[in-house]
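Below is the file entry16.txt, which contains compact mmCIF, C-alpha atoms.
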```
# COMPACT_ATOMS: atom_id res chain seq x y z
CA MET A 1172 103.75 117.83 72.55
CA GLY A 1173 101.80 120.79 71.27
CA ASP A 1174 98.71 119.77 73.28
CA PHE A 1175 100.82 119.58 76.44
CA ASN A 1176 102.18 123.09 75.95
CA LEU A 1177 98.74 124.44 75.15
CA ALA A 1178 97.51 123.05 78.46
CA LEU A 1179 100.51 124.60 80.22
CA VAL A 1180 99.78 127.99 78.65
CA ILE A 1181 96.12 127.79 79.74
CA VAL A 1182 97.12 126.85 83.29
CA ALA A 1183 99.64 129.71 83.40
CA ILE A 1184 97.02 132.25 82.27
CA VAL A 1185 94.46 131.01 84.81
CA VAL A 1186 97.02 131.08 87.64
CA CYS A 1187 98.09 134.64 86.73
CA VAL A 1188 94.48 135.82 86.83
CA LEU A 1189 93.88 134.11 90.18
CA VAL A 1190 97.07 135.62 91.63
CA PHE A 1191 95.98 139.10 90.52
CA LEU A 1192 92.50 138.67 92.06
CA VAL A 1193 93.94 137.39 95.35
CA ASN A 1194 96.26 140.40 95.58
CA VAL A 1195 93.35 142.77 94.88
CA TYR A 1196 91.50 141.13 97.77
CA LEU A 1197 94.53 141.50 100.06
CA LEU A 1198 94.83 145.20 99.25
CA VAL A 1199 91.12 145.89 99.76
CA ASN A 1200 91.07 143.90 102.99
CA TYR A 1201 94.19 145.40 104.58
CA GLN A 1202 94.17 148.97 103.31
CA HIS A 1203 93.34 151.77 105.72
CA PRO A 1204 89.62 152.71 105.65
CA ASP A 1205 90.46 156.29 104.78
CA ASP A 1206 92.46 155.15 101.73
CA ALA A 1207 89.33 153.74 100.08
CA ASN A 1208 88.38 155.22 96.69
CA GLN A 1209 91.61 157.15 96.29
CA ALA A 1210 95.33 156.70 95.46
CA TYR A 1211 94.56 154.31 92.60
CA PHE A 1212 98.04 154.46 91.06
CA PRO A 1213 99.93 153.35 94.21
CA LYS A 1214 97.30 150.65 94.74
CA PHE A 1215 97.81 149.38 91.21
CA VAL A 1216 101.57 149.32 91.79
CA VAL A 1217 101.04 147.33 95.01
CA VAL A 1218 98.78 144.78 93.32
CA PHE A 1219 101.00 144.50 90.25
CA GLY A 1220 104.16 144.18 92.35
CA LEU A 1221 102.71 141.47 94.58
CA SER A 1222 101.47 139.64 91.49
CA VAL A 1223 104.91 139.77 89.85
CA ALA A 1224 106.53 138.44 93.04
CA ALA A 1225 104.03 135.55 93.33
CA ILE A 1226 104.24 134.68 89.64
CA SER A 1227 108.04 134.65 89.76
CA ILE A 1228 107.90 132.07 92.57
CA LEU A 1229 105.38 129.94 90.65
CA MET A 1230 107.53 130.05 87.52
CA LEU A 1231 109.94 127.47 88.94
CA PRO A 1232 107.40 124.58 88.82
CA ALA A 1233 106.25 125.94 85.45
CA ASP A 1234 109.87 125.75 84.27
CA VAL A 1235 110.10 122.15 85.45
CA ALA A 1236 106.82 121.25 83.72
CA ASN A 1237 108.01 122.96 80.56
CA ARG A 1238 111.19 120.88 80.65
CA GLN A 1239 109.10 117.69 80.83
CA ALA A 1240 107.33 118.61 77.59
CA CYS A 1241 110.20 117.32 75.46
CA ARG A 1242 111.61 114.73 77.83
CA HIS A 1243 110.37 111.83 75.68
CA SER A 1244 110.53 113.58 72.32
CA ILE A 1245 110.52 111.23 69.36
CA TYR A 1246 111.61 113.67 66.68
CA ASN A 1247 114.18 116.43 66.32
CA GLY A 1248 112.96 119.88 67.19
CA ALA A 1249 110.30 118.75 69.68
CA CYS A 1250 111.73 121.11 72.29
CA ASN A 1251 111.07 124.03 69.97
CA LEU A 1252 107.41 123.70 70.95
CA THR A 1253 108.13 124.50 74.60
CA LEU A 1254 107.79 127.90 76.23
CA PRO A 1255 110.83 130.25 76.06
CA MET A 1256 111.40 130.06 79.80
CA LYS A 1257 114.79 131.79 79.85
CA ASP A 1258 113.33 134.81 78.08
CA LEU A 1259 110.35 134.75 80.45
CA TRP A 1260 112.65 134.58 83.49
CA LEU A 1261 114.69 137.54 82.29
CA ALA A 1262 111.55 139.51 81.41
CA ILE A 1263 109.92 138.94 84.79
CA TYR A 1264 113.06 139.97 86.67
CA ILE A 1265 113.68 143.02 84.52
CA ILE A 1266 110.12 144.05 85.36
CA ASP A 1267 110.96 143.29 89.00
CA ALA A 1268 114.01 145.58 88.90
CA VAL A 1269 112.10 148.39 87.14
CA LEU A 1270 109.36 148.23 89.76
CA VAL A 1271 111.80 148.24 92.69
CA PHE A 1272 114.14 150.98 91.52
CA PHE A 1273 111.87 153.25 89.48
CA VAL A 1274 108.10 152.72 89.64
CA ILE A 1275 107.74 152.14 93.39
CA PRO A 1276 110.05 155.07 94.33
CA PHE A 1277 108.03 157.31 91.97
CA ALA A 1278 104.77 156.23 93.60
CA MET A 1279 106.23 156.79 97.07
CA PHE A 1280 107.62 160.25 96.27
CA TYR A 1281 104.40 161.27 94.53
CA TYR A 1282 102.07 159.98 97.23
CA GLU A 1283 104.24 161.39 100.03
CA GLY A 1284 104.42 164.82 98.43
CA ASP A 1285 102.86 167.86 99.97
CA GLN A 1286 99.11 167.45 99.59
CA ASP A 1287 98.74 171.23 99.22
CA LYS A 1288 100.78 171.21 95.98
CA SER A 1289 99.18 170.72 92.60
CA VAL A 1290 99.28 167.33 90.85
CA GLY A 1291 101.75 168.68 88.28
CA LYS A 1292 104.20 169.86 90.93
CA ARG A 1293 104.00 166.57 92.79
CA ILE A 1294 104.65 164.65 89.58
CA LYS A 1295 107.58 166.93 88.74
CA SER A 1296 109.10 166.49 92.21
CA ALA A 1297 108.69 162.69 92.07
CA LEU A 1298 110.20 162.53 88.57
CA LEU A 1299 113.23 164.52 89.70
CA TRP A 1300 113.91 162.07 92.51
CA VAL A 1301 113.37 159.06 90.23
CA MET A 1302 115.58 160.52 87.48
CA THR A 1303 118.34 161.03 90.05
CA THR A 1304 117.96 157.43 91.14
CA ALA A 1305 117.94 156.26 87.51
CA ILE A 1306 121.17 158.15 86.71
CA VAL A 1307 122.94 156.71 89.77
CA CYS A 1308 121.74 153.16 88.97
CA ALA A 1309 122.66 153.49 85.29
CA LEU A 1310 126.18 154.71 86.12
CA LEU A 1311 126.68 151.97 88.69
CA LEU A 1312 125.41 149.23 86.38
CA GLY A 1313 127.35 150.54 83.40
CA ILE A 1314 130.66 150.77 85.28
CA LEU A 1315 130.29 147.34 86.88
CA TYR A 1316 129.14 145.70 83.65
CA GLY A 1317 132.00 147.25 81.70
CA LEU A 1318 134.65 146.26 84.26
CA VAL A 1319 133.55 142.88 85.64
CA GLY A 1320 130.52 141.86 83.61
CA LYS A 1321 132.09 138.57 82.49
CA VAL A 1322 131.70 134.91 83.38
CA ASP A 1323 134.64 132.56 83.87
CA PHE A 1324 133.72 128.95 83.12
CA THR A 1325 136.17 126.22 84.11
CA VAL A 1326 136.38 123.75 81.21
CA ARG A 1327 138.65 120.94 80.08
CA HIS A 1328 140.49 121.20 76.78
CA LEU A 1329 140.09 117.78 75.15
CA SER A 1330 141.57 116.65 71.87
CA SER A 1331 141.90 113.49 69.86
CA ALA A 1332 144.04 112.11 67.08
CA THR A 1333 142.58 110.91 63.80
CA ILE A 1334 142.89 107.52 62.13
CA ILE A 1335 141.41 105.78 59.14
CA PHE A 1336 137.93 104.51 59.93
CA PRO A 1337 138.54 100.97 61.24
CA SER A 1338 136.41 97.90 60.79
CA ALA A 1339 136.21 97.48 64.58
CA TRP A 1340 136.81 99.68 67.62
CA ASP A 1341 138.97 98.53 70.47
CA PHE A 1342 138.35 100.73 73.53
CA SER A 1343 138.93 99.89 77.17
CA SER A 1344 139.43 101.64 80.52
CA SER A 1345 143.15 101.62 79.90
CA GLN A 1346 142.77 102.82 76.31
CA PRO A 1347 139.81 105.27 76.10
CA CYS A 1348 141.07 107.36 73.17
CA ILE A 1349 142.20 107.09 69.60
CA GLY A 1350 145.88 107.48 68.83
CA GLY A 1351 147.67 104.54 70.31
CA SER A 1352 148.80 103.57 73.77
CA GLY A 1353 148.73 106.31 76.39
CA ALA A 1354 146.43 108.71 74.54
CA ARG A 1355 144.07 110.14 77.18
CA ALA A 1356 143.50 113.73 76.10
CA CYS A 1357 140.00 112.95 74.83
CA SER A 1358 138.58 111.76 78.17
CA ALA A 1359 137.45 114.28 80.77
CA TYR A 1360 137.83 111.65 83.50
CA THR A 1361 141.38 110.63 82.75
CA ALA A 1362 142.85 113.85 81.29
CA ASN A 1363 145.58 115.43 83.38
CA ALA A 1364 145.13 118.62 85.39
CA SER A 1365 146.84 120.76 82.75
CA SER A 1366 143.82 120.25 80.48
CA GLU A 1367 141.73 122.57 82.69
CA LYS A 1368 141.21 125.95 81.07
CA THR A 1369 139.20 129.07 81.89
CA TRP A 1370 136.73 130.07 79.24
CA THR A 1371 135.81 133.75 79.62
CA MET A 1372 132.88 135.41 77.92
CA ARG A 1373 130.83 138.53 78.53
CA THR A 1374 127.41 137.90 80.01
CA THR A 1375 124.33 139.60 78.65
CA PHE A 1376 123.24 142.83 80.29
CA PRO A 1377 119.81 141.49 81.42
CA GLU A 1378 121.50 138.53 83.12
CA TYR A 1379 123.91 140.91 84.85
CA VAL A 1380 121.02 143.04 86.13
CA VAL A 1381 119.34 139.91 87.48
CA ALA A 1382 122.62 138.86 89.14
CA LEU A 1383 123.07 142.19 90.96
CA ALA A 1384 119.40 142.24 91.98
CA THR A 1385 119.89 138.69 93.30
CA ILE A 1386 122.73 139.88 95.52
CA VAL A 1387 120.59 142.65 97.02
CA GLY A 1388 117.71 140.24 97.46
CA SER A 1389 119.98 137.60 99.03
CA VAL A 1390 121.22 140.08 101.64
CA LEU A 1391 117.65 141.04 102.53
CA PHE A 1392 116.46 137.43 102.44
CA SER A 1393 119.28 136.34 104.77
CA ILE A 1394 118.38 139.06 107.28
CA PHE A 1395 114.58 139.06 107.20
CA GLY A 1396 114.24 135.36 106.43
CA GLY A 1397 116.74 134.25 109.06
CA VAL A 1398 115.24 136.43 111.77
CA GLY A 1399 111.66 135.76 110.72
CA ILE A 1400 111.90 131.98 110.54
CA ALA A 1401 112.94 131.95 114.19
CA CYS A 1402 110.66 134.74 115.46
CA LEU A 1403 107.43 133.66 113.76
CA PRO A 1404 106.79 130.38 115.62
CA LEU A 1405 108.19 131.70 118.90
CA GLY A 1406 106.11 134.87 118.59
CA LEU A 1407 102.93 132.90 117.94
CA ILE A 1408 103.60 130.69 120.95
CA ALA A 1409 104.29 133.75 123.13
CA SER A 1410 101.12 135.48 121.89
CA PHE A 1411 99.06 132.42 122.81
CA ILE A 1412 100.62 132.21 126.26
CA ARG A 1413 100.06 135.94 126.88
CA ARG A 1414 96.52 136.02 125.52
CA PRO A 1415 94.04 137.94 127.71
CA LYS A 1416 92.76 135.64 130.44
CA ALA A 1417 90.36 138.10 132.03
CA VAL A 1418 87.38 140.09 130.79
CA ILE A 1419 85.84 143.34 131.95
CA THR A 1420 82.26 144.40 132.51
CA ARG A 1421 80.27 146.67 130.25
CA SER A 1422 80.65 149.64 132.61
CA GLN A 1423 84.42 149.15 132.72
CA TYR A 1424 84.45 148.87 128.94
CA ILE A 1425 82.58 152.17 128.48
CA LYS A 1426 84.78 153.90 131.02
CA GLU A 1427 88.04 152.77 129.42
CA ALA A 1428 86.79 153.47 125.88
CA THR A 1429 85.85 157.01 126.95
CA GLU A 1430 89.37 157.56 128.28
CA LEU A 1431 90.84 156.32 125.03
CA GLY A 1432 88.57 158.67 123.12
CA LYS A 1433 89.87 161.60 125.16
CA LYS A 1434 93.44 160.52 124.56
CA ALA A 1435 92.75 160.26 120.82
CA ARG A 1436 91.36 163.81 120.78
CA ASP A 1437 94.46 165.09 122.56
CA LEU A 1438 96.70 163.36 120.05
CA LYS A 1439 94.63 164.79 117.21
CA LYS A 1440 95.21 168.31 118.56
CA ALA A 1441 98.95 167.67 118.85
CA ALA A 1442 99.00 166.30 115.31
CA ASP A 1443 97.17 169.35 113.99
CA ALA A 1444 99.71 171.59 115.68
CA LEU A 1445 102.57 169.67 114.08
CA HIS A 1446 100.85 169.89 110.72
CA GLN A 1447 100.58 173.66 111.07
CA GLU A 1448 104.28 173.87 111.94
CA GLU A 1449 105.12 171.81 108.85
CA ARG A 1450 103.09 174.10 106.59
CA SER A 1451 104.83 177.13 108.05
CA GLY A 1452 108.21 175.60 107.19
CA SER A 1453 109.53 175.17 110.75
CA LYS A 1454 110.65 171.54 110.53
CA GLY A 1455 113.63 171.50 112.84
CA ARG A 1456 115.04 168.92 115.22
CA LYS A 1457 112.44 169.70 117.87
CA TRP A 1458 109.63 169.20 115.35
CA ARG A 1459 110.98 165.80 114.31
CA LYS A 1460 111.36 164.80 117.95
CA ASN A 1461 107.73 165.74 118.62
CA VAL A 1462 106.60 163.76 115.57
CA LYS A 1463 108.35 160.64 116.89
CA SER A 1464 106.71 161.15 120.27
CA VAL A 1465 103.28 161.39 118.69
CA GLU A 1466 104.01 158.28 116.59
CA LYS A 1467 104.89 156.35 119.74
CA GLU A 1468 101.72 157.51 121.49
CA LEU A 1469 99.68 156.58 118.44
CA LEU A 1470 101.05 153.04 118.36
CA GLN A 1471 100.39 152.64 122.07
CA LEU A 1472 96.83 153.89 121.61
CA GLU A 1473 96.22 151.38 118.84
CA GLU A 1474 97.50 148.56 121.06
CA ASP A 1475 95.20 149.70 123.87
CA VAL A 1476 92.19 149.68 121.54
CA LYS A 1477 92.96 146.15 120.36
CA LEU A 1478 93.45 144.97 123.92
CA LEU A 1479 90.19 146.57 124.98
CA GLU A 1480 88.34 144.72 122.23
CA GLU A 1481 89.94 141.44 123.33
CA MET A 1482 88.95 141.99 126.96
CA TYR A 1483 85.31 142.72 126.08
CA PRO A 1484 84.59 140.32 123.20
CA GLN A 1485 80.89 139.86 124.00
CA GLY A 1486 79.91 143.43 123.21
CA GLU A 1487 77.11 144.15 120.74
CA LYS A 1488 77.17 146.85 118.07
CA ALA A 1489 75.62 149.42 120.34
CA GLU A 1490 78.03 148.59 123.12
CA THR A 1491 81.10 148.75 120.89
CA SER A 1492 80.27 152.21 119.56
CA TRP A 1493 82.75 153.74 121.97
CA ALA A 1494 85.60 151.67 120.58
CA MET A 1495 84.46 152.45 117.05
CA THR A 1496 84.59 156.14 117.94
CA VAL A 1497 88.14 155.70 119.17
CA LEU A 1498 89.09 153.96 115.95
CA GLY A 1499 87.52 156.84 114.03
CA TYR A 1500 89.69 159.28 115.90
CA LEU A 1501 92.70 157.10 115.17
CA ALA A 1502 91.94 157.13 111.46
CA LYS A 1503 91.62 160.91 111.43
CA LEU A 1504 94.74 161.18 113.53
CA VAL A 1505 96.77 159.12 111.09
CA LEU A 1506 95.58 161.23 108.19
CA GLY A 1507 95.99 164.46 110.09
CA ILE A 1508 99.67 164.21 110.90
CA LEU A 1509 101.74 165.28 107.95
CA GLY A 1510 99.72 163.27 105.48
CA TRP A 1511 100.18 160.02 107.40
CA GLY A 1512 97.66 158.36 105.13
CA ALA A 1513 100.46 158.58 102.59
CA THR A 1514 102.79 156.96 105.12
CA LEU A 1515 100.47 153.96 105.41
CA MET A 1516 100.34 153.50 101.64
CA ASN A 1517 104.11 154.04 101.43
CA SER A 1518 104.62 151.26 103.97
CA PHE A 1519 102.62 149.06 101.61
CA LEU A 1520 104.84 150.11 98.70
CA PHE A 1521 108.06 149.68 100.67
CA ASN A 1522 107.12 146.17 101.77
CA VAL A 1523 106.19 145.29 98.19
CA ALA A 1524 109.68 146.40 97.10
CA LEU A 1525 111.22 144.15 99.77
CA ILE A 1526 109.06 141.21 98.66
CA LEU A 1527 110.05 141.74 95.02
CA LEU A 1528 113.76 141.81 95.86
CA CYS A 1529 113.55 138.78 98.13
CA SER A 1530 111.53 136.79 95.57
CA ILE A 1531 114.60 136.68 93.29
CA SER A 1532 116.68 135.29 96.13
CA VAL A 1533 113.99 132.74 97.01
CA ILE A 1534 114.09 131.36 93.47
CA GLN A 1535 117.89 131.19 93.54
CA PHE A 1536 117.73 129.48 96.93
CA CYS A 1537 115.19 126.91 95.71
CA ALA A 1538 117.03 126.24 92.44
CA THR A 1539 120.17 125.52 94.48
CA ALA A 1540 118.61 123.64 97.39
CA PHE A 1541 116.45 121.49 95.10
CA GLY A 1542 119.01 121.04 92.38
CA TYR A 1543 117.73 117.62 91.29
CA TYR A 1544 114.20 118.97 90.91
CA ALA A 1545 115.39 122.04 88.97
CA GLN A 1546 118.03 120.33 86.84
CA ALA A 1547 118.13 121.20 83.15
CA THR A 1548 115.76 124.15 83.63
CA ALA A 1549 116.26 127.74 82.53
CA ALA A 1550 116.23 128.78 86.20
CA GLN A 1551 119.19 126.57 86.98
CA GLU A 1552 121.02 127.92 83.94
CA ILE A 1553 120.56 131.51 85.14
CA PHE A 1554 120.89 131.08 88.90
CA GLY A 1555 123.28 128.15 88.80
CA HIS A 1556 125.87 128.13 86.03
CA THR A 1557 125.89 131.83 85.14
CA LEU A 1558 125.55 133.25 88.65
CA GLN A 1559 128.16 130.93 90.13
CA SER A 1560 130.65 131.81 87.40
CA LEU A 1561 130.14 135.59 87.30
CA ARG A 1562 133.34 137.47 87.93
CA GLY A 1563 133.50 139.29 91.25
CA ILE A 1564 130.51 137.65 92.94
CA LYS A 1565 130.84 133.95 92.17
CA TYR A 1566 132.50 133.24 95.53
CA LEU A 1567 129.41 134.44 97.39
CA TYR A 1568 127.46 131.57 95.85
CA LYS A 1569 130.30 129.08 95.46
CA TYR A 1570 130.82 129.03 99.23
CA ASN A 1571 127.11 129.50 100.13
CA VAL A 1572 127.73 132.73 102.02
CA PHE A 1573 124.08 133.80 102.08
CA GLN A 1574 122.80 130.37 103.13
CA ILE A 1575 125.30 130.30 106.00
CA ALA A 1576 124.28 133.83 107.02
CA PHE A 1577 120.62 132.75 106.94
CA VAL A 1578 121.25 129.82 109.31
CA VAL A 1579 123.52 131.86 111.62
CA LEU A 1580 120.99 134.70 111.95
CA ALA A 1581 118.18 132.20 112.56
CA GLY A 1582 120.24 130.54 115.32
CA LEU A 1583 121.24 133.83 116.96
CA THR A 1584 117.65 135.08 116.83
CA PHE A 1585 116.39 131.86 118.40
CA VAL A 1586 118.91 132.12 121.24
CA TYR A 1587 118.14 135.81 121.81
CA TYR A 1588 114.38 135.24 121.81
CA ILE A 1589 114.66 132.35 124.27
CA ALA A 1590 116.90 134.44 126.52
CA PHE A 1591 115.08 137.80 126.39
CA GLY A 1592 112.13 137.81 124.01
CA TRP A 1593 109.77 135.76 126.18
CA LYS A 1594 109.88 138.34 128.96
CA ARG A 1595 106.76 140.45 129.03
CA LYS A 1596 107.38 144.15 128.64
CA LYS A 1597 106.08 146.38 131.36
CA PRO A 1598 102.68 147.65 130.16
CA SER A 1599 102.78 151.34 129.33
CA GLY A 1600 99.07 151.48 128.57
CA ARG A 1601 96.04 151.26 130.87
CA PHE A 1602 95.18 147.56 130.69
CA GLN A 1603 96.94 145.19 133.02
CA LEU A 1604 94.07 142.79 133.77
CA SER A 1605 95.20 140.35 131.06
CA SER A 1606 97.98 139.06 133.28
```

Could you take the file, read its structure, and then write that structure out as structure tokens?
Amino acid sequence: MGDFNLALVIVAIVVCVLVFLVNVYLLVNYQHPDDANQAYFPKFVVVFGLSVAAISILMLPADVANRQACRHSIYNGACNLTLPMKDLWLAIYIIDAVLVFFVIPFAMFYYEGDQDKSVGKRIKSALLWVMTTAIVCALLLGILYGLVGKVDFTVRHLSSATIIFPSAWDFSSSQPCIGGSGARACSAYTANASSEKTWTMRTTFPEYVVALATIVGSVLFSIFGGVGIACLPLGLIASFIRRPKAVITRSQYIKEATELGKKARDLKKAADALHQEERSGSKGRKWRKNVKSVEKELLQLEEDVKLLEEMYPQGEKAETSWAMTVLGYLAKLVLGILGWGATLMNSFLFNVALILLCSISVIQFCATAFGYYAQATAAQEIFGHTLQSLRGIKYLYKYNVFQIAFVVLAGLTFVYYIAFGWKRKKPSGRFQLSS
């Protein structure tokens, strides 16, 4: 048994290292070029958060394997050699909650702070926001835990009479209990309905935090998962159908790239003007409206650049220098508008927070959907018995509210996409040859 658990520990360590390395690669590969060699703290939070989310998903098969370690135990106490999976589950999800509600908001507030301020002032401002969030969360958790932080288990109250130890036992389906004819209070199958009782006990605070985080994650998972599971295949099919079917010549490529370069310069000037207005403190409704307009133009410019590259795929390095120039302007543009480099990193952080929240719901979904596979595991104990008996929220899981919402949203999204999503939007950019 000990050798089995040692192997499981080694596999777990190797998998954790591989997950961390893969997430480092994802960050390096998908980060903005101008974010290289800076913002190390938010990057570490991104990598660590993605690693925690992936490891939490992989813990379910680890929990099942850990259960198998003492399945054929031949001596008492064999299961004491297994990993403390319940403690590991609670630890990983407490870390999850701390990242989502404290660490990631701090990184976002710090990285989005005014770049002209000193590091100390940016840290102070971020800490103030995070402390406010912490106080609100602590009050909310404390009030809810004090009022409804209990679990109500439905049990049967069984009892039996006592007799002198006989030389032989005479049990049958009509006489399952001790105490003479008609005694049935010892059998859960034949006891009357009045034997059902409600056993109430207070849950532990870590389990209650996991339960509330699971609710938030289930709401997000129902929305994003339901919509995404329908949109992803349909979107890929639509992208293939609408792929560019025409190419342009080198002269056309240079001409269009030059126009995009001019447009990028104009946007850069507009962004600089908005940045100057922000520094002067004039951030009114008109300023915000102009920022949204520039954002829309920026997104359209990025789409035009990608489409241009698709329509001239045979270009060499020298011939693609115009497009690279445009991309350079785009990078400067993004960084020039109100510290939009911070916005890109914050989008990374925000999506990591969503992934962390939804990972809890994914585990709960899997532990419920694959109940036979997850039976007798610590995950089923937390996400099954405790969660489905927690006062105030047990009906959400007893009646599969989130699973039903997931299927309904997936169906509605599918119908909407079939009805309207396949229609090609009228091109607002310059390239219409792809049709």

Quick one: residues within 9 Å of segment 1377-1381 of chain A, all atoms listed in the file, excluding same-chain residues fewer than 6 positions away - as a list of chain:residue names?
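Within the cut-off, the hits are A:Leu1261, A:Ala1262, A:Tyr1264, A:Ile1265, A:Ala1268, A:Leu1312, A:Tyr1316, A:Gly1320, A:Lys1321, A:Ile1531, A:Ile1553, A:Thr1557, A:Leu1558, A:Leu1561.
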
Using only C-alpha atoms, please write the residues we just selected to a file, as an mmCIF file, in the coordinates of the input.
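What landed in out_28.cif:
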```cif
data_model
loop_
_atom_site.group_PDB
_atom_site.id
_atom_site.type_symbol
_atom_site.label_atom_id
_atom_site.label_comp_id
_atom_site.auth_asym_id
_atom_site.auth_seq_id
_atom_site.Cartn_x
_atom_site.Cartn_y
_atom_site.Cartn_z
ATOM 1 C CA LEU A 1261 114.690 137.540 82.290
ATOM 2 C CA ALA A 1262 111.550 139.510 81.410
ATOM 3 C CA TYR A 1264 113.060 139.970 86.670
ATOM 4 C CA ILE A 1265 113.680 143.020 84.520
ATOM 5 C CA ALA A 1268 114.010 145.580 88.900
ATOM 6 C CA LEU A 1312 125.410 149.230 86.380
ATOM 7 C CA TYR A 1316 129.140 145.700 83.650
ATOM 8 C CA GLY A 1320 130.520 141.860 83.610
ATOM 9 C CA LYS A 1321 132.090 138.570 82.490
ATOM 10 C CA ILE A 1531 114.600 136.680 93.290
ATOM 11 C CA ILE A 1553 120.560 131.510 85.140
ATOM 12 C CA THR A 1557 125.890 131.830 85.140
ATOM 13 C CA LEU A 1558 125.550 133.250 88.650
ATOM 14 C CA LEU A 1561 130.140 135.590 87.300
#
```

*Could you work out how far atom CA of Ala1183 of chain A lies from atom CA of Asp1234 of chain A, giving the answer in Å with one decimal?*
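Value for the atom CA of Asp1234 of chain A-atom CA of Ala1183 of chain A distance: 11.0 Å.
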
Residue neighbourhood segment 1390-1401 of chain A, 7 Å, only C-alpha atoms, exclusion window fewer than 4 positions, as a list in words
Ile1386, Leu1405, Cys1529, Ser1532, Phe1573, Ala1576, Phe1577, Val1578, Leu1580, Ala1581, Thr1584 and Phe1585 of chain A

- Item | Point-to-point distance in Å for atom CA of Gln1209 of chain A and atom CA of His1446 of chain A |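 Going from atom CA of His1446 of chain A over to atom CA of Gln1209 of chain A, I get 21.4 Å.
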
Exercise for review: Rank nothing, just name the residue among A:Asn1571, A:Arg1562, A:Met1516, A:Val1216 nearest to Gln1202 of chain A, using all atoms listed in the file.
Suggested key: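 With all atoms listed in the file as the atom set, the closest residue is A:Met1516.
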
Practice task
Quick one: pull the distance between atom CA of Lys1439 of chain A and atom CA of Tyr1281 of chain A, Å, one decimal.
Solution key: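 Between atom CA of Lys1439 of chain A and atom CA of Tyr1281 of chain A the gap works out to 24.9 Å.
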
Hey, which of A:Val1180, A:Gly1592, A:Val1235, A:Val1185 ends up closest to Ala1547 of chain A? Count only C-alpha atoms.
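When distances to Ala1547 of chain A are compared using only C-alpha atoms, the smallest one comes from A:Val1235.
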
Using all atoms listed in the file, the residue out of A:Ser1222, A:Ser1560, A:Gln1546, A:Asn1208 with shortest distance to Leu1189 of chain A is A:Ser1222

### Query
Using all atoms listed in the file, which residue out of A:Leu1472, A:Leu1528, A:Ile1408, A:Val1462 lies closest to Tyr1588 of chain A?
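Using all atoms listed in the file, Tyr1588 of chain A sits closest to A:Ile1408.
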
One residue among A:Val1269, A:Ala1178, A:Gly1563, A:Arg1414 is nearest to Met1482 of chain A when using only C-alpha atoms, and that residue is A:Arg1414

Between A:Ser1366, A:Phe1191, A:Gly1313, A:Lys1292, smallest distance to His1328 of chain A by only C-alpha atoms belongs to A:Ser1366

Working from the structure I just supplied, which lacks atoms in segment 1580-1591 of chain A, can you model N, CA and C atoms there and output them as a compact mmCIF listing (two decimals), in the frame of the given file?
```txt
# COMPACT_ATOMS: atom_id res chain seq x y z
N LEU A 1580 121.94 133.71 111.42
CA LEU A 1580 120.99 134.70 111.95
C LEU A 1580 119.78 134.02 112.58
N ALA A 1581 119.31 132.93 111.97
CA ALA A 1581 118.18 132.20 112.56
C ALA A 1581 118.57 131.64 113.93
N GLY A 1582 119.78 131.08 114.03
CA GLY A 1582 120.24 130.54 115.32
C GLY A 1582 120.41 131.62 116.37
N LEU A 1583 121.04 132.74 116.00
CA LEU A 1583 121.24 133.83 116.96
C LEU A 1583 119.90 134.42 117.42
N THR A 1584 118.97 134.56 116.48
CA THR A 1584 117.65 135.08 116.83
C THR A 1584 116.92 134.15 117.78
N PHE A 1585 117.03 132.85 117.52
CA PHE A 1585 116.39 131.86 118.40
C PHE A 1585 116.94 131.96 119.81
N VAL A 1586 118.28 132.02 119.92
CA VAL A 1586 118.91 132.12 121.24
C VAL A 1586 118.50 133.40 121.95
N TYR A 1587 118.51 134.53 121.21
CA TYR A 1587 118.14 135.81 121.81
C TYR A 1587 116.69 135.81 122.28
N TYR A 1588 115.80 135.24 121.45
CA TYR A 1588 114.38 135.24 121.81
C TYR A 1588 114.14 134.38 123.04
N ILE A 1589 114.81 133.22 123.10
CA ILE A 1589 114.66 132.35 124.27
C ILE A 1589 115.19 133.04 125.52
N ALA A 1590 116.28 133.80 125.36
CA ALA A 1590 116.90 134.44 126.52
C ALA A 1590 116.15 135.69 126.97
N PHE A 1591 115.67 136.51 126.02
CA PHE A 1591 115.08 137.80 126.39
C PHE A 1591 113.69 138.03 125.83
```
